[in-house]
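Text of protein29.txt, listed as compact mmCIF, C-alpha atoms:
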```
# COMPACT_ATOMS: atom_id res chain seq x y z
CA MET A 1 -29.71 23.51 -22.36
CA SER A 2 -31.57 20.70 -24.03
CA THR A 3 -30.31 17.15 -23.64
CA GLU A 4 -31.04 16.76 -27.36
CA THR A 5 -28.43 19.40 -28.25
CA THR A 6 -25.84 18.54 -25.60
CA ALA A 7 -24.14 15.42 -24.30
CA SER A 8 -23.97 14.47 -20.62
CA VAL A 9 -21.16 12.88 -18.61
CA SER A 10 -20.89 10.80 -15.45
CA THR A 11 -18.10 8.75 -13.92
CA HIS A 12 -17.11 6.53 -11.05
CA ILE A 13 -13.84 5.09 -9.74
CA LEU A 14 -13.13 1.58 -8.52
CA ASP A 15 -9.85 1.02 -6.70
CA THR A 16 -9.02 -2.43 -8.05
CA SER A 17 -6.18 -2.90 -5.55
CA VAL A 18 -8.74 -3.25 -2.77
CA GLY A 19 -11.90 -4.01 -4.73
CA ARG A 20 -13.70 -0.96 -3.35
CA PRO A 21 -14.90 2.42 -4.62
CA ALA A 22 -12.40 5.27 -4.41
CA GLU A 23 -13.97 7.94 -2.21
CA GLY A 24 -12.94 11.59 -2.16
CA VAL A 25 -11.13 11.81 -5.49
CA ALA A 26 -11.41 15.33 -6.94
CA ILE A 27 -12.51 15.41 -10.57
CA SER A 28 -12.56 18.39 -12.91
CA LEU A 29 -14.44 18.61 -16.19
CA SER A 30 -13.39 20.57 -19.28
CA ALA A 31 -14.92 20.79 -22.74
CA ARG A 32 -14.21 22.20 -26.17
CA GLY A 33 -16.11 22.57 -29.41
CA GLY A 34 -13.51 21.01 -31.70
CA SER A 35 -9.92 19.84 -31.81
CA GLN A 36 -8.70 23.35 -32.70
CA GLU A 37 -10.59 25.03 -29.82
CA GLN A 38 -9.21 25.84 -26.38
CA TRP A 39 -10.33 23.80 -23.37
CA GLN A 40 -12.97 25.49 -21.21
CA ALA A 41 -12.94 24.50 -17.53
CA LEU A 42 -16.52 23.82 -16.47
CA GLY A 43 -16.02 22.90 -12.83
CA GLY A 44 -15.78 19.71 -10.89
CA SER A 45 -16.73 17.59 -7.97
CA ALA A 46 -15.42 14.64 -5.94
CA THR A 47 -16.36 10.99 -5.71
CA ASP A 48 -18.76 9.95 -2.99
CA ALA A 49 -18.59 6.86 -0.73
CA ASP A 50 -19.76 4.74 -3.69
CA GLY A 51 -16.95 6.13 -5.89
CA ARG A 52 -19.47 8.02 -8.00
CA CYS A 53 -19.42 11.62 -9.11
CA LYS A 54 -23.06 12.45 -9.74
CA ASP A 55 -22.95 16.23 -9.91
CA LEU A 56 -20.58 17.12 -12.74
CA PRO A 57 -21.48 20.35 -14.55
CA ALA A 58 -23.58 20.26 -17.70
CA LEU A 59 -21.79 20.45 -21.04
CA PRO A 60 -22.38 23.54 -23.18
CA GLU A 61 -23.99 23.26 -26.59
CA GLY A 62 -21.49 22.57 -29.33
CA THR A 63 -19.24 20.38 -27.16
CA THR A 64 -17.38 17.79 -29.23
CA HIS A 65 -14.56 16.83 -26.84
CA VAL A 66 -14.55 16.32 -23.07
CA ARG A 67 -11.70 15.91 -20.61
CA LEU A 68 -12.01 14.43 -17.13
CA ASP A 69 -9.06 15.10 -14.82
CA PHE A 70 -8.86 12.77 -11.81
CA GLU A 71 -6.62 14.01 -8.96
CA THR A 72 -5.44 10.61 -7.70
CA GLU A 73 -2.38 11.66 -5.67
CA ALA A 74 -4.29 12.89 -2.60
CA TYR A 75 -6.38 9.70 -2.60
CA PHE A 76 -3.30 7.46 -2.66
CA LEU A 77 -1.48 9.56 -0.04
CA ALA A 78 -4.45 9.25 2.33
CA LYS A 79 -4.64 5.52 1.64
CA GLN A 80 -0.88 5.13 2.19
CA ASN A 81 -1.05 7.04 5.49
CA THR A 82 -3.81 4.71 6.68
CA LYS A 83 -1.72 1.65 5.70
CA ASN A 84 1.34 3.07 7.45
CA GLN A 85 -0.64 3.60 10.64
CA GLN A 86 -1.97 0.04 10.47
CA ALA A 87 1.54 -1.34 9.76
CA GLU A 88 3.01 0.51 12.74
CA ALA A 89 0.47 -1.25 14.92
CA GLN A 90 1.87 -4.61 13.73
CA GLN A 91 5.34 -5.64 14.86
CA ASP A 92 6.29 -7.64 11.77
CA ALA A 93 4.64 -5.48 9.12
CA PRO A 94 6.25 -5.71 5.67
CA ALA A 95 8.02 -2.66 4.26
CA ASN A 96 5.78 -0.44 2.18
CA ARG A 97 6.84 -0.69 -1.46
CA ASP A 98 3.88 1.11 -2.98
CA SER A 99 4.60 4.25 -4.93
CA GLY A 100 7.30 5.96 -2.93
CA ALA A 101 7.09 9.31 -1.22
CA THR A 102 4.34 10.72 -3.44
CA GLY A 103 1.95 7.86 -2.81
CA ALA A 104 0.99 7.61 -6.47
CA PHE A 105 2.82 6.53 -9.59
CA PHE A 106 0.08 8.33 -11.52
CA PRO A 107 -0.62 11.49 -9.47
CA GLU A 108 -3.33 12.44 -11.93
CA VAL A 109 -5.24 10.77 -14.72
CA ALA A 110 -6.58 12.78 -17.66
CA ILE A 111 -9.12 11.13 -19.95
CA THR A 112 -10.13 12.86 -23.18
CA PHE A 113 -12.97 11.59 -25.34
CA ALA A 114 -15.29 12.67 -28.16
CA VAL A 115 -19.02 13.20 -27.60
CA THR A 116 -22.13 13.49 -29.72
CA PRO A 117 -25.12 15.68 -28.76
CA GLY A 118 -27.98 13.78 -27.18
CA GLU A 119 -25.77 10.94 -25.90
CA HIS A 120 -24.86 10.13 -22.31
CA TYR A 121 -21.27 9.12 -21.57
CA HIS A 122 -20.47 7.18 -18.43
CA VAL A 123 -16.69 6.86 -18.14
CA PRO A 124 -15.56 4.58 -15.28
CA LEU A 125 -11.96 4.63 -14.07
CA LEU A 126 -10.48 1.37 -12.79
CA LEU A 127 -7.55 2.47 -10.66
CA ASN A 128 -4.67 0.88 -8.78
CA PRO A 129 -1.33 2.27 -7.56
CA PHE A 130 0.54 1.28 -10.73
CA GLY A 131 -2.05 1.36 -13.49
CA TYR A 132 -5.50 2.32 -14.64
CA SER A 133 -8.00 1.64 -17.39
CA VAL A 134 -11.13 3.35 -18.61
CA TYR A 135 -14.02 2.42 -20.82
CA ARG A 136 -17.34 3.78 -22.01
CA GLY A 137 -19.87 2.36 -19.58
CA SER A 138 -23.62 2.51 -19.63
```
How does this structure look as structure tokens?
Amino acid sequence: MSTETTASVSTHILDTSVGRPAEGVAISLSARGGSQEQWQALGGSATDADGRCKDLPALPEGTTHVRLDFETEAYFLAKQNTKNQQAEAQQDAPANRDSGATGAFFPEVAITFAVTPGEHYHVPLLLNPFGYSVYRGS
């Protein structure tokens, strides 16, 4: 596949509730060749210690739409378990009011965007337990 006839995608996640990268978040990548086409699952990866996902699969020729699915629930559950362990070690720890039993108000985040062949799309996710935002980065 030529980079002149396909687009490329990268992403990273910053957990804005702690001001640190979100490590270990599974991400899957899907693509389609138009709004009337079916989504084709291409594969996925997970964020590294820097919150980056550097090894997403290449997009096939003819891709016009891309979807990134971020599996945030497992990340928040792991984070909540760590906080609970730390709180148990403190006698006067405040009650945990985060996201309830699931650990995440948004258990997954799906971002769909249009692409043009030959362009690179870096799509960062700014994440916290009760909200998120995305933008086209560089």
Using all atoms listed in the file for the distances, tell me which of A:Arg52, A:Arg136, A:Arg67, A:His12 is nearest to Tyr121 (chain A).
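For Tyr121 (chain A), the nearest of the candidates is A:Arg136.
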Could you tell me how far CA of Ala22 (chain A) lies from CA of Gly137 (chain A), in Å and to one decimal?
17.2 Å
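Taking CA of Pro107 (chain A) and CA of Thr72 (chain A) as endpoints, the distance between them is 5.2 Å.
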Between CA of Gly51 (chain A) and CA of Phe70 (chain A), measure the distance and give it in Å to one decimal.
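Between CA of Gly51 (chain A) and CA of Phe70 (chain A) the gap is 12.0 Å.
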Which residues come within 9 Å of Thr16 (chain A), counting only C-alpha atoms, excluding same-chain residues fewer than 6 positions away, as a list in words?
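The residues satisfying every condition are Leu126, Leu127, Asn128 and Tyr132 of chain A.
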Next, the residues of the selection above should be written as a short mmCIF file (atom, residue, chain, number, x, y, z; two decimals), in the coordinates of the input with C-alpha atoms.
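Contents of out-v9.cif, freshly written:
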```
data_model
loop_
_atom_site.label_atom_id
_atom_site.label_comp_id
_atom_site.auth_asym_id
_atom_site.auth_seq_id
_atom_site.Cartn_x
_atom_site.Cartn_y
_atom_site.Cartn_z
CA LEU A 126 -10.48 1.37 -12.79
CA LEU A 127 -7.55 2.47 -10.66
CA ASN A 128 -4.67 0.88 -8.78
CA TYR A 132 -5.50 2.32 -14.64
#
```
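In this comparison, which uses all atoms listed in the file, the residue of A:Val66, A:Val9, A:Val134, A:Ala74 approaching Phe113 (chain A) most closely is A:Val66.
Using all atoms listed in the file, the smallest distance between any of A:Val25, A:Phe106, A:Thr64, A:Leu77 and Ser8 (chain A) comes from A:Thr64.
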Shell of 8 Å around Ala26 (chain A), only C-alpha atoms, local chain residues under 4 positions omitted, as a VMD selection string:
chain A and resid 44 to 47 70 to 72
Around the point (-22.1, 17.9, -18.3) (coordinates from the file), which residues reach within 9 Å if we count only C-alpha atoms? Answer as a PDB file with C-alpha atoms, in the frame of the given file.
```
ATOM      1  CA  THR A   6     -25.840  18.540 -25.600  1.00  0.00           C
ATOM      2  CA  ALA A   7     -24.140  15.420 -24.300  1.00  0.00           C
ATOM      3  CA  SER A   8     -23.970  14.470 -20.620  1.00  0.00           C
ATOM      4  CA  VAL A   9     -21.160  12.880 -18.610  1.00  0.00           C
ATOM      5  CA  SER A  10     -20.890  10.800 -15.450  1.00  0.00           C
ATOM      6  CA  LEU A  29     -14.440  18.610 -16.190  1.00  0.00           C
ATOM      7  CA  ALA A  31     -14.920  20.790 -22.740  1.00  0.00           C
ATOM      8  CA  LEU A  42     -16.520  23.820 -16.470  1.00  0.00           C
ATOM      9  CA  ASP A  55     -22.950  16.230  -9.910  1.00  0.00           C
ATOM     10  CA  LEU A  56     -20.580  17.120 -12.740  1.00  0.00           C
ATOM     11  CA  PRO A  57     -21.480  20.350 -14.550  1.00  0.00           C
ATOM     12  CA  ALA A  58     -23.580  20.260 -17.700  1.00  0.00           C
ATOM     13  CA  LEU A  59     -21.790  20.450 -21.040  1.00  0.00           C
ATOM     14  CA  PRO A  60     -22.380  23.540 -23.180  1.00  0.00           C
TER      15      PRO A  60
END
```
Residues within 12 Å of (-7.0, -3.2, -3.8), file coords, only C-alpha atoms, listed as a JSON list (two decimals) with C-alpha atoms, in the coordinates of the input:
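Here's the written file selection_3.json:
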```
[["chain", "number", "residue", "atom", "x", "y", "z"],
["A", 14, "LEU", "CA", -13.13, 1.58, -8.52],
["A", 15, "ASP", "CA", -9.85, 1.02, -6.70],
["A", 16, "THR", "CA", -9.02, -2.43, -8.05],
["A", 17, "SER", "CA", -6.18, -2.90, -5.55],
["A", 18, "VAL", "CA", -8.74, -3.25, -2.77],
["A", 19, "GLY", "CA", -11.90, -4.01, -4.73],
["A", 20, "ARG", "CA", -13.70, -0.96, -3.35],
["A", 21, "PRO", "CA", -14.90, 2.42, -4.62],
["A", 22, "ALA", "CA", -12.40, 5.27, -4.41],
["A", 76, "PHE", "CA", -3.30, 7.46, -2.66],
["A", 79, "LYS", "CA", -4.64, 5.52, 1.64],
["A", 80, "GLN", "CA", -0.88, 5.13, 2.19],
["A", 83, "LYS", "CA", -1.72, 1.65, 5.70],
["A", 98, "ASP", "CA", 3.88, 1.11, -2.98],
["A", 126, "LEU", "CA", -10.48, 1.37, -12.79],
["A", 127, "LEU", "CA", -7.55, 2.47, -10.66],
["A", 128, "ASN", "CA", -4.67, 0.88, -8.78],
["A", 129, "PRO", "CA", -1.33, 2.27, -7.56],
["A", 130, "PHE", "CA", 0.54, 1.28, -10.73],
["A", 131, "GLY", "CA", -2.05, 1.36, -13.49]]
```
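You can rank A:Glu61, A:Glu4, A:Glu37, A:Asp69 by their closest distance to Leu125 (chain A) using all atoms listed in the file, and at the top of that list sits A:Asp69.
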